[in-house]
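Source file: entry-v2.txt; contents: compact mmCIF, C-alpha atoms and all ligand atoms.
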# COMPACT_ATOMS: atom_id res chain seq x y z
CA MET A 1 3.60 24.67 5.35
CA ILE A 2 0.80 22.34 6.42
CA TYR A 3 1.18 18.78 5.20
CA PHE A 4 -1.91 16.64 4.63
CA ASP A 5 -0.43 14.10 2.22
CA HIS A 6 0.92 11.34 4.46
CA ALA A 7 -0.57 8.63 2.25
CA ALA A 8 1.80 9.83 -0.50
CA THR A 9 4.87 9.92 1.73
CA THR A 10 6.05 10.86 5.22
CA PRO A 11 9.16 12.61 6.50
CA VAL A 12 11.94 10.37 7.81
CA SER A 13 11.85 10.54 11.59
CA LEU A 14 14.98 11.63 13.41
CA ASP A 15 15.59 8.34 15.22
CA VAL A 16 15.36 6.49 11.89
CA LEU A 17 17.80 8.93 10.30
CA ASN A 18 20.26 8.53 13.18
CA THR A 19 20.03 4.74 12.99
CA MET A 20 20.84 4.85 9.28
CA LYS A 21 23.69 7.38 9.37
CA PRO A 22 26.66 5.15 10.36
CA PHE A 23 25.87 2.77 7.50
CA PHE A 24 26.62 5.35 4.80
CA SER A 25 30.26 6.19 5.44
CA GLU A 26 31.53 4.29 8.51
CA LYS A 27 29.94 0.85 8.41
CA PHE A 28 29.65 0.98 4.65
CA GLY A 29 30.76 -2.58 3.78
CA ASN A 30 29.04 -4.75 1.21
CA PRO A 31 27.06 -7.36 3.18
CA SER A 32 28.37 -10.04 0.77
CA SER A 33 32.06 -9.28 1.48
CA ILE A 34 33.88 -11.74 3.71
CA TYR A 35 36.12 -9.32 5.64
CA ALA A 36 35.12 -7.61 8.91
CA LEU A 37 33.54 -4.50 7.34
CA GLY A 38 31.30 -6.66 5.17
CA ARG A 39 30.44 -9.00 8.05
CA GLU A 40 29.48 -6.00 10.16
CA ALA A 41 27.01 -4.84 7.50
CA LYS A 42 25.73 -8.41 7.10
CA ASP A 43 25.16 -8.73 10.86
CA SER A 44 23.19 -5.50 10.96
CA LEU A 45 21.18 -6.59 7.91
CA ASN A 46 20.42 -9.92 9.59
CA ALA A 47 19.38 -8.13 12.77
CA ALA A 48 17.00 -5.95 10.71
CA ARG A 49 15.56 -9.05 9.02
CA HIS A 50 15.02 -10.79 12.38
CA SER A 51 13.36 -7.74 13.84
CA ILE A 52 11.03 -7.42 10.84
CA GLN A 53 10.25 -11.15 10.98
CA LYS A 54 9.06 -10.71 14.57
CA LEU A 55 7.08 -7.54 13.79
CA LEU A 56 5.19 -9.39 11.04
CA ASP A 57 4.95 -12.64 13.04
CA ALA A 58 6.62 -14.46 10.14
CA ASP A 59 7.92 -17.96 10.84
CA LYS A 60 11.41 -17.50 9.37
CA PRO A 61 13.67 -14.47 8.69
CA GLY A 62 14.26 -15.85 5.17
CA GLU A 63 10.61 -15.13 4.37
CA ILE A 64 11.43 -11.40 4.25
CA ILE A 65 12.75 -10.23 0.84
CA PHE A 66 14.09 -6.70 0.72
CA THR A 67 13.13 -4.65 -2.34
CA SER A 68 13.24 -1.06 -3.56
CA GLY A 69 9.66 -0.41 -2.40
CA ALA A 70 6.13 -1.70 -2.70
CA SER A 71 5.97 -1.17 -6.47
CA GLU A 72 8.78 -3.69 -6.89
CA SER A 73 7.26 -5.98 -4.23
CA ASN A 74 3.90 -6.00 -6.02
CA ASN A 75 5.59 -6.64 -9.40
CA LEU A 76 7.59 -9.52 -7.94
CA ALA A 77 4.53 -10.99 -6.23
CA ILE A 78 2.29 -11.23 -9.28
CA LYS A 79 4.90 -11.74 -12.01
CA GLY A 80 7.00 -14.14 -9.94
CA THR A 81 3.94 -16.27 -9.18
CA ALA A 82 2.46 -16.17 -12.69
CA PHE A 83 5.78 -16.98 -14.41
CA TYR A 84 6.49 -19.81 -11.96
CA ALA A 85 3.09 -21.35 -12.78
CA ASP A 86 3.55 -20.93 -16.52
CA LYS A 87 7.26 -21.54 -17.07
CA VAL A 88 7.99 -24.10 -14.34
CA LEU A 89 4.68 -25.89 -13.73
CA ASN A 90 3.26 -25.48 -17.23
CA ILE A 91 -0.03 -24.11 -15.95
CA LYS A 92 -1.64 -21.24 -17.89
CA PRO A 93 -2.34 -18.93 -14.94
CA HIS A 94 -5.57 -17.19 -13.99
CA LEU A 95 -4.93 -14.10 -11.86
CA LEU A 96 -7.37 -12.22 -9.64
CA VAL A 97 -6.68 -8.68 -8.49
CA SER A 98 -9.11 -6.29 -6.84
CA ALA A 99 -10.26 -3.34 -8.94
CA ILE A 100 -8.89 -0.85 -6.39
CA GLU A 101 -5.28 -2.05 -6.23
CA HIS A 102 -2.34 0.31 -6.64
CA HIS A 103 -1.18 0.78 -10.24
CA SER A 104 1.95 -1.31 -9.55
CA MET A 105 -0.35 -4.31 -9.18
CA LEU A 106 -3.01 -3.39 -11.74
CA ASP A 107 -0.54 -2.46 -14.47
CA SER A 108 1.52 -5.61 -13.82
CA ALA A 109 -1.67 -7.66 -14.25
CA LYS A 110 -2.47 -5.84 -17.50
CA TYR A 111 1.10 -6.40 -18.73
CA LEU A 112 0.84 -10.13 -18.07
CA ALA A 113 -2.48 -10.31 -19.90
CA LYS A 114 -1.25 -8.27 -22.87
CA HIS A 115 2.19 -9.78 -23.41
CA PHE A 116 1.76 -13.34 -22.12
CA GLY A 117 -1.94 -13.95 -22.69
CA TYR A 118 -2.57 -14.76 -19.03
CA GLU A 119 -6.15 -14.64 -17.88
CA VAL A 120 -6.74 -11.68 -15.54
CA GLU A 121 -9.96 -10.77 -13.77
CA TYR A 122 -10.70 -7.83 -11.51
CA ILE A 123 -12.53 -8.37 -8.22
CA PRO A 124 -15.30 -5.77 -7.89
CA VAL A 125 -15.93 -3.68 -4.77
CA ASP A 126 -19.14 -2.30 -3.24
CA SER A 127 -20.02 1.39 -3.01
CA GLU A 128 -17.75 1.76 0.04
CA GLY A 129 -14.85 0.06 -1.73
CA ARG A 130 -15.14 -3.28 0.07
CA VAL A 131 -14.39 -6.67 -1.43
CA ASP A 132 -16.83 -9.49 -0.60
CA PRO A 133 -15.00 -12.76 0.26
CA GLU A 134 -17.93 -14.73 -1.21
CA ILE A 135 -17.43 -13.02 -4.58
CA VAL A 136 -13.70 -13.84 -4.46
CA LYS A 137 -14.58 -17.46 -3.71
CA LYS A 138 -16.88 -17.62 -6.74
CA MET A 139 -14.22 -16.09 -8.98
CA ILE A 140 -11.52 -18.64 -8.08
CA LYS A 141 -11.11 -21.25 -10.83
CA ASN A 142 -9.07 -24.44 -11.09
CA ASN A 143 -6.18 -22.55 -12.70
CA THR A 144 -6.26 -19.51 -10.37
CA VAL A 145 -2.75 -19.14 -8.98
CA PHE A 146 -2.77 -15.62 -7.53
CA VAL A 147 -5.24 -13.43 -5.64
CA SER A 148 -4.37 -9.91 -4.53
CA VAL A 149 -6.50 -7.71 -2.30
CA MET A 150 -4.98 -4.72 -0.53
CA TYR A 151 -5.37 -4.35 3.23
CA GLY A 152 -6.29 -0.65 3.29
CA ASN A 153 -6.96 1.53 0.27
CA ASN A 154 -4.82 4.61 -0.31
CA GLU A 155 -7.68 6.72 -1.68
CA THR A 156 -10.82 5.67 0.18
CA GLY A 157 -9.27 4.35 3.39
CA THR A 158 -11.43 1.21 3.04
CA LEU A 159 -10.17 -1.78 5.04
CA GLU A 160 -10.57 -5.14 3.36
CA PRO A 161 -11.46 -8.41 5.12
CA ILE A 162 -8.02 -9.93 4.53
CA ALA A 163 -8.07 -12.56 7.29
CA LYS A 164 -11.47 -13.82 6.09
CA ILE A 165 -10.40 -14.02 2.45
CA GLY A 166 -7.18 -15.72 3.55
CA LYS A 167 -9.10 -18.34 5.52
CA MET A 168 -11.37 -19.07 2.56
CA ILE A 169 -8.35 -19.35 0.25
CA GLN A 170 -6.66 -21.72 2.71
CA SER A 171 -9.65 -24.07 2.51
CA ILE A 172 -9.45 -24.07 -1.30
CA LYS A 173 -5.73 -24.85 -1.01
CA ASN A 174 -6.54 -27.76 1.30
CA GLN A 175 -9.04 -29.12 -1.24
CA ARG A 176 -6.41 -28.86 -3.96
CA LEU A 177 -3.98 -30.80 -1.77
CA LYS A 178 -6.57 -33.53 -1.24
CA THR A 179 -7.05 -33.93 -4.96
CA HIS A 180 -3.24 -33.89 -5.51
CA SER A 181 -3.57 -30.78 -7.67
CA GLU A 182 -0.19 -29.16 -8.41
CA THR A 183 -1.71 -25.74 -8.98
CA PRO A 184 -0.49 -23.25 -6.38
CA LEU A 185 -2.80 -20.59 -4.96
CA VAL A 186 -1.03 -17.55 -3.57
CA PHE A 187 -2.85 -14.91 -1.53
CA HIS A 188 -1.12 -11.52 -1.54
CA THR A 189 -1.96 -8.30 0.25
CA ASP A 190 -0.55 -4.81 -0.20
CA ALA A 191 -0.40 -3.56 3.40
CA VAL A 192 1.43 -0.33 2.56
CA GLN A 193 -1.17 2.02 4.02
CA ALA A 194 -2.40 -0.27 6.78
CA PHE A 195 0.85 -1.24 8.49
CA GLN A 196 1.18 1.94 10.50
CA TYR A 197 -2.21 1.49 12.13
CA PHE A 198 -3.10 -2.19 12.04
CA ASN A 199 -1.57 -5.43 13.14
CA CYS A 200 -0.05 -7.05 10.05
CA ASP A 201 0.81 -10.46 11.49
CA VAL A 202 0.98 -12.66 8.42
CA ASN A 203 -0.39 -15.70 10.25
CA ARG A 204 -3.36 -13.74 11.60
CA LEU A 205 -4.06 -12.39 8.12
CA ASN A 206 -3.61 -15.84 6.49
CA VAL A 207 -1.55 -14.35 3.66
CA ASP A 208 1.23 -15.93 1.60
CA MET A 209 2.69 -12.61 0.51
CA LEU A 210 2.60 -9.06 1.87
CA SER A 211 4.08 -5.83 0.45
CA LEU A 212 5.38 -2.86 2.42
CA THR A 213 7.32 0.33 1.66
CA ALA A 214 9.20 2.25 4.36
CA HIS A 215 8.40 5.82 3.34
CA LYS A 216 4.74 5.52 4.31
CA PHE A 217 5.67 5.10 7.97
CA TYR A 218 8.44 7.67 8.52
CA GLY A 219 11.20 5.58 6.94
CA PRO A 220 13.28 6.35 3.81
CA LYS A 221 12.01 6.21 0.21
CA GLY A 222 13.29 3.52 -2.13
CA VAL A 223 13.20 0.55 0.24
CA GLY A 224 10.49 -1.97 0.97
CA LEU A 225 9.87 -5.66 1.37
CA LEU A 226 7.91 -8.59 0.14
CA TYR A 227 7.03 -11.24 2.70
CA ILE A 228 6.95 -14.63 0.96
CA ARG A 229 5.66 -17.54 3.05
CA GLN A 230 8.04 -20.47 3.20
CA GLY A 231 7.21 -22.97 0.46
CA THR A 232 5.62 -20.33 -1.82
CA LYS A 233 7.41 -20.38 -5.16
CA VAL A 234 8.28 -17.34 -7.29
CA LEU A 235 10.39 -17.00 -10.39
CA PRO A 236 12.87 -14.17 -9.60
CA GLN A 237 12.41 -11.05 -11.71
CA GLN A 238 16.01 -9.93 -11.44
CA GLN A 239 19.14 -11.95 -12.14
CA GLY A 240 22.79 -11.41 -11.28
CA GLY A 241 23.38 -12.35 -7.66
CA THR A 242 22.42 -14.71 -4.88
CA GLN A 243 21.18 -12.04 -2.51
CA GLU A 244 17.80 -12.56 -0.82
CA ARG A 245 18.20 -16.31 -1.31
CA GLY A 246 18.39 -15.86 -5.05
CA ARG A 247 14.99 -14.19 -5.28
CA ARG A 248 16.20 -10.60 -5.71
CA ALA A 249 19.67 -10.02 -7.10
CA GLY A 250 21.58 -6.85 -6.22
CA THR A 251 23.64 -5.47 -3.34
CA GLU A 252 21.33 -4.94 -0.39
CA ASN A 253 20.64 -1.32 0.50
CA ALA A 254 21.89 -1.83 4.06
CA PRO A 255 21.40 1.74 5.42
CA TYR A 256 17.84 1.95 4.13
CA ILE A 257 16.90 -1.58 5.19
CA ILE A 258 18.22 -0.88 8.69
CA GLY A 259 16.27 2.39 8.66
CA MET A 260 13.12 0.57 7.54
CA ALA A 261 13.43 -1.93 10.41
CA LYS A 262 13.73 0.96 12.87
CA ALA A 263 10.73 2.75 11.33
CA MET A 264 8.70 -0.47 11.59
CA GLU A 265 9.64 -0.95 15.25
CA ARG A 266 8.59 2.60 15.99
CA ALA A 267 5.36 2.31 13.98
CA VAL A 268 4.33 -0.81 15.91
CA GLU A 269 5.22 0.77 19.28
CA ASP A 270 3.22 3.90 18.48
CA ARG A 271 0.28 2.29 16.67
CA GLU A 272 -2.39 3.07 19.25
CA LYS A 273 -1.10 6.56 19.93
CA ASN A 274 -0.93 7.48 16.23
CA GLU A 275 -4.29 5.88 15.52
CA LYS A 276 -5.85 8.09 18.19
CA ILE A 277 -4.19 11.28 16.87
CA THR A 278 -5.17 10.72 13.24
CA SER A 279 -8.67 9.36 13.80
CA GLU A 280 -9.63 12.24 16.10
CA LEU A 281 -8.25 14.77 13.64
CA SER A 282 -9.94 13.05 10.67
CA ASP A 283 -13.26 13.18 12.51
CA TYR A 284 -12.78 16.86 13.29
CA LEU A 285 -11.83 17.63 9.69
CA THR A 286 -14.79 15.69 8.28
CA GLU A 287 -17.22 17.31 10.68
CA ARG A 288 -16.07 20.80 9.73
CA ILE A 289 -16.01 20.19 5.97
CA MET A 290 -19.47 18.63 5.98
CA LYS A 291 -20.84 21.48 8.10
CA GLU A 292 -19.15 24.41 6.39
CA ILE A 293 -19.21 23.41 2.71
CA SER A 294 -22.30 22.45 0.69
CA ASP A 295 -22.53 19.67 -1.91
CA VAL A 296 -19.73 17.54 -0.50
CA GLU A 297 -19.65 13.81 -0.05
CA THR A 298 -17.19 11.59 1.82
CA ILE A 299 -15.83 8.55 0.00
CA GLY A 300 -15.43 5.12 1.58
CA PRO A 301 -16.88 3.66 4.79
CA LYS A 302 -18.29 6.03 7.41
CA ASP A 303 -17.85 3.41 10.12
CA VAL A 304 -14.47 4.05 11.77
CA MET A 305 -13.95 0.33 12.32
CA LYS A 306 -13.99 -0.25 8.58
CA ARG A 307 -11.50 2.39 7.54
CA LEU A 308 -7.93 3.59 7.85
CA PRO A 309 -7.81 6.41 10.38
CA HIS A 310 -5.56 8.75 8.42
CA ILE A 311 -7.30 8.99 5.05
CA SER A 312 -10.27 11.30 4.41
CA THR A 313 -11.35 11.79 0.81
CA PHE A 314 -14.14 14.12 -0.24
CA ILE A 315 -15.97 14.75 -3.49
CA PHE A 316 -16.59 18.44 -3.94
CA LYS A 317 -19.39 18.56 -6.49
CA LYS A 318 -19.18 20.85 -9.52
CA VAL A 319 -15.50 21.67 -8.99
CA GLU A 320 -12.17 20.17 -10.08
CA GLY A 321 -10.13 18.58 -7.29
CA GLU A 322 -6.92 19.69 -9.03
CA SER A 323 -8.03 23.36 -8.90
CA ILE A 324 -8.68 23.06 -5.16
CA LEU A 325 -5.18 21.61 -4.71
CA ILE A 326 -3.51 24.42 -6.65
CA ASN A 327 -5.34 27.01 -4.56
CA LEU A 328 -4.46 25.23 -1.31
CA ASP A 329 -0.83 25.06 -2.40
CA LEU A 330 -0.82 28.85 -2.79
CA LYS A 331 -1.74 28.99 0.89
CA GLY A 332 1.04 26.55 1.81
CA ILE A 333 -1.23 23.54 2.29
CA ALA A 334 -0.40 20.18 0.67
CA ALA A 335 -3.07 17.58 -0.12
CA SER A 336 -3.77 15.40 -3.14
CA SER A 337 -6.49 14.40 -5.55
CA GLY A 338 -7.02 10.69 -5.86
CA SER A 339 -3.67 9.01 -5.31
CA ALA A 340 -0.44 10.93 -5.64
CA CYS A 341 0.84 8.28 -7.99
CA THR A 342 -1.89 9.08 -10.53
CA SER A 343 -1.90 12.85 -10.17
CA GLY A 344 -0.54 14.58 -13.22
CA SER A 345 -2.59 12.32 -15.44
CA LEU A 346 -6.01 13.47 -16.56
CA GLU A 347 -7.58 10.05 -16.01
CA PRO A 348 -10.05 10.09 -13.15
CA SER A 349 -9.04 7.77 -10.32
CA HIS A 350 -9.78 4.10 -11.04
CA VAL A 351 -10.57 3.64 -7.35
CA THR A 352 -13.27 6.31 -7.20
CA LYS A 353 -14.73 4.92 -10.42
CA ALA A 354 -14.72 1.34 -9.06
CA LEU A 355 -16.94 2.60 -6.22
CA GLY A 356 -19.49 3.70 -8.82
CA TYR A 357 -18.80 7.43 -9.04
CA SER A 358 -19.04 9.18 -12.42
CA ASP A 359 -15.97 10.67 -14.15
CA MET A 360 -17.19 14.13 -13.20
CA GLU A 361 -17.52 13.20 -9.51
CA ALA A 362 -14.16 11.41 -9.55
CA HIS A 363 -12.53 14.62 -10.87
CA GLY A 364 -13.85 16.50 -7.84
CA SER A 365 -12.13 14.31 -5.26
CA VAL A 366 -9.57 15.62 -2.80
CA ARG A 367 -7.71 13.47 -0.30
CA PHE A 368 -6.46 14.75 3.03
CA SER A 369 -4.17 12.17 4.64
CA LEU A 370 -3.11 12.99 8.16
CA GLY A 371 0.01 12.15 10.10
CA LYS A 372 1.27 11.97 13.66
CA LEU A 373 2.59 15.54 13.58
CA ASN A 374 -0.66 17.17 12.43
CA THR A 375 -2.60 19.21 14.96
CA LYS A 376 -6.08 20.67 15.36
CA ASN A 377 -4.52 24.04 14.45
CA ASP A 378 -3.56 22.62 11.04
CA VAL A 379 -7.19 21.71 10.39
CA ASP A 380 -8.34 25.15 11.61
CA GLU A 381 -5.84 26.78 9.25
CA LEU A 382 -7.11 24.67 6.33
CA MET A 383 -10.69 25.58 7.12
CA LYS A 384 -9.84 29.29 7.00
CA PHE A 385 -9.31 28.84 3.26
CA LEU A 386 -11.06 25.74 1.95
CA PRO A 387 -14.71 26.94 2.05
CA LYS A 388 -13.73 30.17 0.26
CA ILE A 389 -11.68 28.34 -2.37
CA VAL A 390 -14.54 25.96 -3.16
CA GLU A 391 -17.02 28.82 -3.32
CA LYS A 392 -14.81 30.87 -5.66
CA LEU A 393 -14.18 27.90 -7.96
CA ARG A 394 -17.89 27.10 -8.12
CA GLU A 395 -18.68 30.67 -9.09
CA MET A 396 -16.18 30.42 -11.93
CA SER A 397 -17.27 26.95 -12.99
CA PRO A 398 -19.34 26.50 -16.17
CA ILE A 399 -21.05 23.49 -14.54
CA LYS A 400 -23.98 24.73 -12.47
C1 LIG B 501 -1.19 1.12 -1.58
C2 LIG B 501 0.13 1.39 -2.21
N1 LIG B 501 0.82 0.39 -2.76
C3 LIG B 501 2.01 0.56 -3.34
C4 LIG B 501 2.59 1.81 -3.40
C5 LIG B 501 3.93 1.97 -4.07
O1 LIG B 501 4.93 2.25 -3.17
P1 LIG B 501 6.38 2.75 -3.70
O2 LIG B 501 6.11 3.95 -4.54
O3 LIG B 501 7.13 3.04 -2.47
O4 LIG B 501 6.95 1.66 -4.50
C6 LIG B 501 1.90 2.91 -2.86
C7 LIG B 501 2.46 4.28 -2.97
O5 LIG B 501 1.77 5.25 -3.17
C8 LIG B 501 0.65 2.70 -2.23
O6 LIG B 501 -0.05 3.69 -1.69

structure tokens encoding of this file:
Amino acid sequence: MIYFDHAATTPVSLDVLNTMKPFFSEKFGNPSSIYALGREAKDSLNAARHSIQKLLDADKPGEIIFTSGASESNNLAIKGTAFYADKVLNIKPHLLVSAIEHHSMLDSAKYLAKHFGYEVEYIPVDSEGRVDPEIVKKMIKNNTVFVSVMYGNNETGTLEPIAKIGKMIQSIKNQRLKTHSETPLVFHTDAVQAFQYFNCDVNRLNVDMLSLTAHKFYGPKGVGLLYIRQGTKVLPQQQGGTQERGRRAGTENAPYIIGMAKAMERAVEDREKNEKITSELSDYLTERIMKEISDVETIGPKDVMKRLPHISTFIFKKVEGESILINLDLKGIAASSGSACTSGSLEPSHVTKALGYSDMEAHGSVRFSLGKLNTKNDVDELMKFLPKIVEKLREMSPIK
């Protein structure tokens, strides 16, 4: 099998698995228990938190909140901030989220608008999927409490100018302080796809919150984190325990958290090496597809400095992306159309549409997301089949 869907998930690497193993049945204590077995788990959990704090250049270990993944982190970020503004500060919140966010952010924003009447606006992107910090600045109002722009997009690979937006937001916060305004302004980024390849130091990025999930960088599924800058207030979305300083109740998933810390250490160590592997392979793949198949377009920035190295999405005109995927699967090749999280639904990808593509074009998109174990041979194998599959589907297609 050839796997080109690393933006959907990655296999757990062996060193991560071995680091996790003792915490399932030997060192299995509840980190909240006071006896030795519990303290042992607590110590390892603390060590993981300290390590992650350093890897993100956070000021305090308590700024790292462990969650079940980035979906939960994104929910907590927007809902926790909006509810704190409304229920504690009595401010009717205005929320800004980019049009290309993951559904866990977009659907949370829609939920808040629908059920609580909060004002939500979507930040537009240009034809390459990029957010303009000047547009964000113009959209911020006196009651804006939350802005979310992802670091790197999971479908187009577009990198967003997070540090620049963060700096601009900081100056608005300073103005609010001067005028003694009580309205908070939280800047959040979803760095799920970017972490493996780009420095995610929270102070360099000027963010107040940052979401990650371990399974995108060779860690386990079902564990993630939300970085919350000290002093940033959220209303917890889960009650029933004092874990995570009262911001996320529930027994900590010690084995997975420890595994995530290991996967993060490894990802940071190997960043340059993995960036080189995936960007060279992406270039090779793009070159061959563009040369060997007609009527194809790449989505997102062409400039390598403005994109994630591992994501290459193409629009194959006059053919359904889903049909290409089914045919590739028959040859043992895994890829995806749009984002894996939306596949299965007939809705064309909201990301492709936000870039200005028509429904028909959006339906023809296929994403190949590469990983550190892919080789040139994998691409050669794919290219044995892909041109023929597209040709056959076009012959059968009623759209000419
Ligand atoms: C950009 C982005 N954010 C959030 C998520 C959600 O992560 P999880 O499913 O681990 O909660 C994903 C997963 O596809 C993603 O790609």

Sort by chain and increasing residue number a table of all residues of chain A within 9 Å of ligand LIG 501 (chain B), each with its closest pair of atoms and their distance in Å to one decimal, counting all atoms listed in the file, and write it as JSON lines.
{"residue": "A:Ala7", "atom": "CA", "partner": "B:LIG501", "partner_atom": "O6", "distance": 6.3}
{"residue": "A:Ala8", "atom": "CA", "partner": "B:LIG501", "partner_atom": "O5", "distance": 5.3}
{"residue": "A:Thr9", "atom": "CA", "partner": "B:LIG501", "partner_atom": "O5", "distance": 7.4}
{"residue": "A:Ser68", "atom": "CA", "partner": "B:LIG501", "partner_atom": "O4", "distance": 6.9}
{"residue": "A:Gly69", "atom": "CA", "partner": "B:LIG501", "partner_atom": "O4", "distance": 4.0}
{"residue": "A:Ala70", "atom": "CA", "partner": "B:LIG501", "partner_atom": "O4", "distance": 3.9}
{"residue": "A:Ser71", "atom": "CA", "partner": "B:LIG501", "partner_atom": "O4", "distance": 3.6}
{"residue": "A:Glu72", "atom": "CA", "partner": "B:LIG501", "partner_atom": "O4", "distance": 6.1}
{"residue": "A:Ser73", "atom": "CA", "partner": "B:LIG501", "partner_atom": "O4", "distance": 7.7}
{"residue": "A:Asn74", "atom": "CA", "partner": "B:LIG501", "partner_atom": "C3", "distance": 7.3}
{"residue": "A:Glu101", "atom": "CA", "partner": "B:LIG501", "partner_atom": "C1", "distance": 7.0}
{"residue": "A:His102", "atom": "CA", "partner": "B:LIG501", "partner_atom": "N1", "distance": 5.0}
{"residue": "A:His103", "atom": "CA", "partner": "B:LIG501", "partner_atom": "C3", "distance": 7.6}
{"residue": "A:Ser104", "atom": "CA", "partner": "B:LIG501", "partner_atom": "C3", "distance": 6.5}
{"residue": "A:Met105", "atom": "CA", "partner": "B:LIG501", "partner_atom": "C3", "distance": 8.0}
{"residue": "A:Met150", "atom": "CA", "partner": "B:LIG501", "partner_atom": "C1", "distance": 7.0}
{"residue": "A:Tyr151", "atom": "CA", "partner": "B:LIG501", "partner_atom": "C1", "distance": 8.4}
{"residue": "A:Gly152", "atom": "CA", "partner": "B:LIG501", "partner_atom": "C1", "distance": 7.3}
{"residue": "A:Asn153", "atom": "CA", "partner": "B:LIG501", "partner_atom": "C1", "distance": 6.1}
{"residue": "A:Asn154", "atom": "CA", "partner": "B:LIG501", "partner_atom": "O6", "distance": 5.1}
{"residue": "A:Glu155", "atom": "CA", "partner": "B:LIG501", "partner_atom": "O6", "distance": 8.2}
{"residue": "A:Asp190", "atom": "CA", "partner": "B:LIG501", "partner_atom": "N1", "distance": 6.0}
{"residue": "A:Ala191", "atom": "CA", "partner": "B:LIG501", "partner_atom": "C1", "distance": 6.9}
{"residue": "A:Val192", "atom": "CA", "partner": "B:LIG501", "partner_atom": "C1", "distance": 5.1}
{"residue": "A:Gln193", "atom": "CA", "partner": "B:LIG501", "partner_atom": "C1", "distance": 5.7}
{"residue": "A:Ala194", "atom": "CA", "partner": "B:LIG501", "partner_atom": "C1", "distance": 8.6}
{"residue": "A:Ser211", "atom": "CA", "partner": "B:LIG501", "partner_atom": "C3", "distance": 7.7}
{"residue": "A:Leu212", "atom": "CA", "partner": "B:LIG501", "partner_atom": "C3", "distance": 7.5}
{"residue": "A:Thr213", "atom": "CA", "partner": "B:LIG501", "partner_atom": "O3", "distance": 4.9}
{"residue": "A:Ala214", "atom": "CA", "partner": "B:LIG501", "partner_atom": "O3", "distance": 7.2}
{"residue": "A:His215", "atom": "CA", "partner": "B:LIG501", "partner_atom": "O3", "distance": 6.6}
{"residue": "A:Lys216", "atom": "CA", "partner": "B:LIG501", "partner_atom": "O3", "distance": 7.6}
{"residue": "A:Lys221", "atom": "CA", "partner": "B:LIG501", "partner_atom": "O3", "distance": 6.4}
{"residue": "A:Gly222", "atom": "CA", "partner": "B:LIG501", "partner_atom": "O3", "distance": 6.2}
{"residue": "A:Val223", "atom": "CA", "partner": "B:LIG501", "partner_atom": "O3", "distance": 7.1}
{"residue": "A:Gly224", "atom": "CA", "partner": "B:LIG501", "partner_atom": "O3", "distance": 6.9}
{"residue": "A:Ser339", "atom": "CA", "partner": "B:LIG501", "partner_atom": "O5", "distance": 7.0}
{"residue": "A:Ala340", "atom": "CA", "partner": "B:LIG501", "partner_atom": "O5", "distance": 6.6}
{"residue": "A:Cys341", "atom": "CA", "partner": "B:LIG501", "partner_atom": "O5", "distance": 5.8}

What is the distance, in Å and to one decimal place, between atom CA of A:Val16 and atom CA of A:Lys273?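 Atom CA of A:Lys273 lies 18.3 Å from atom CA of A:Val16.
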
Find the distance between atom CA of A:Lys306 and atom CA of A:Gly364 and write it in Å to one decimal. 23.5 Å

Rounded to one decimal place, report the atom CA of A:Tyr3-atom CA of A:Gly157 distance in Å.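 Computed distance, atom CA of A:Tyr3 to atom CA of A:Gly157, equals 17.9 Å.
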
Return the single residue from A:Arg130, A:Lys302, A:Arg394, A:Arg288 that is closest to A:Ser323, with distances computed using only C-alpha atoms.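 Once distances to A:Ser323 are computed over only C-alpha atoms, the minimum belongs to A:Arg394.
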
Contacts of stretch 350-362 of chain A at 8 Å (all atoms listed in the file; same-chain gap of 6+ positions) as a VMD selection string: chain A and resid 99 to 101 124 to 129 155 to 156 299 315 to 318 338

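For the residues A:Phe198, A:Phe217, A:Phe187, A:Phe4, ranking by smallest atom-to-atom distance to A:Val147 using only C-alpha atoms places A:Phe187 first.
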
Which residue, A:Lys233, A:Ser98, A:Leu225, A:Ser108, has the smallest gap to A:Thr81 when you use all atoms listed in the file? A:Lys233

My list of candidates is A:Ala335, A:Thr251, A:Ile293, A:Asn142. Which is closest to A:Ser33 when distances are computed with only C-alpha atoms?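 Once distances to A:Ser33 are computed over only C-alpha atoms, the minimum belongs to A:Thr251.
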
List the spatial neighbours of A:Lys173 as an mmCIF file with C-alpha atoms, in the frame of the given file - criterion: any atom at most 8 Å away, only C-alpha atoms, same-chain residues fewer than 4 positions off excluded.
data_model
loop_
_atom_site.group_PDB
_atom_site.id
_atom_site.type_symbol
_atom_site.label_atom_id
_atom_site.label_comp_id
_atom_site.auth_asym_id
_atom_site.auth_seq_id
_atom_site.Cartn_x
_atom_site.Cartn_y
_atom_site.Cartn_z
ATOM 1 C CA ILE A 169 -8.350 -19.350 0.250
ATOM 2 C CA LEU A 177 -3.980 -30.800 -1.770
ATOM 3 C CA PRO A 184 -0.490 -23.250 -6.380
ATOM 4 C CA LEU A 185 -2.800 -20.590 -4.960
#

The residues within 6 Å of (19.6, -2.8, 10.2), using all atoms listed in the file and the coordinates of the file, should be reported as a list in words; which are they?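 Looking at atoms near the point gives Ser44, Leu45, Ala47, Ala48, Ile257 and Ile258 of chain A.
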
For A:Glu292, which residue among A:Lys164, A:Lys384, A:His115, A:Lys110 is the nearest when counting all atoms listed in the file?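 When distances to A:Glu292 are compared using all atoms listed in the file, the smallest one comes from A:Lys384.
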
Residue among A:Val207, A:Ala82, A:Ile91, A:Leu14 lying closest to A:Thr183, counting only C-alpha atoms: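 Using only C-alpha atoms, A:Thr183 sits closest to A:Ile91.
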
Applying 6 Å and all atoms listed in the file, which residues near A:Ser148 remain after dropping the ones on its own chain fewer than 3 positions away? List them as a ChimeraX atom specification. /A:97,188-189
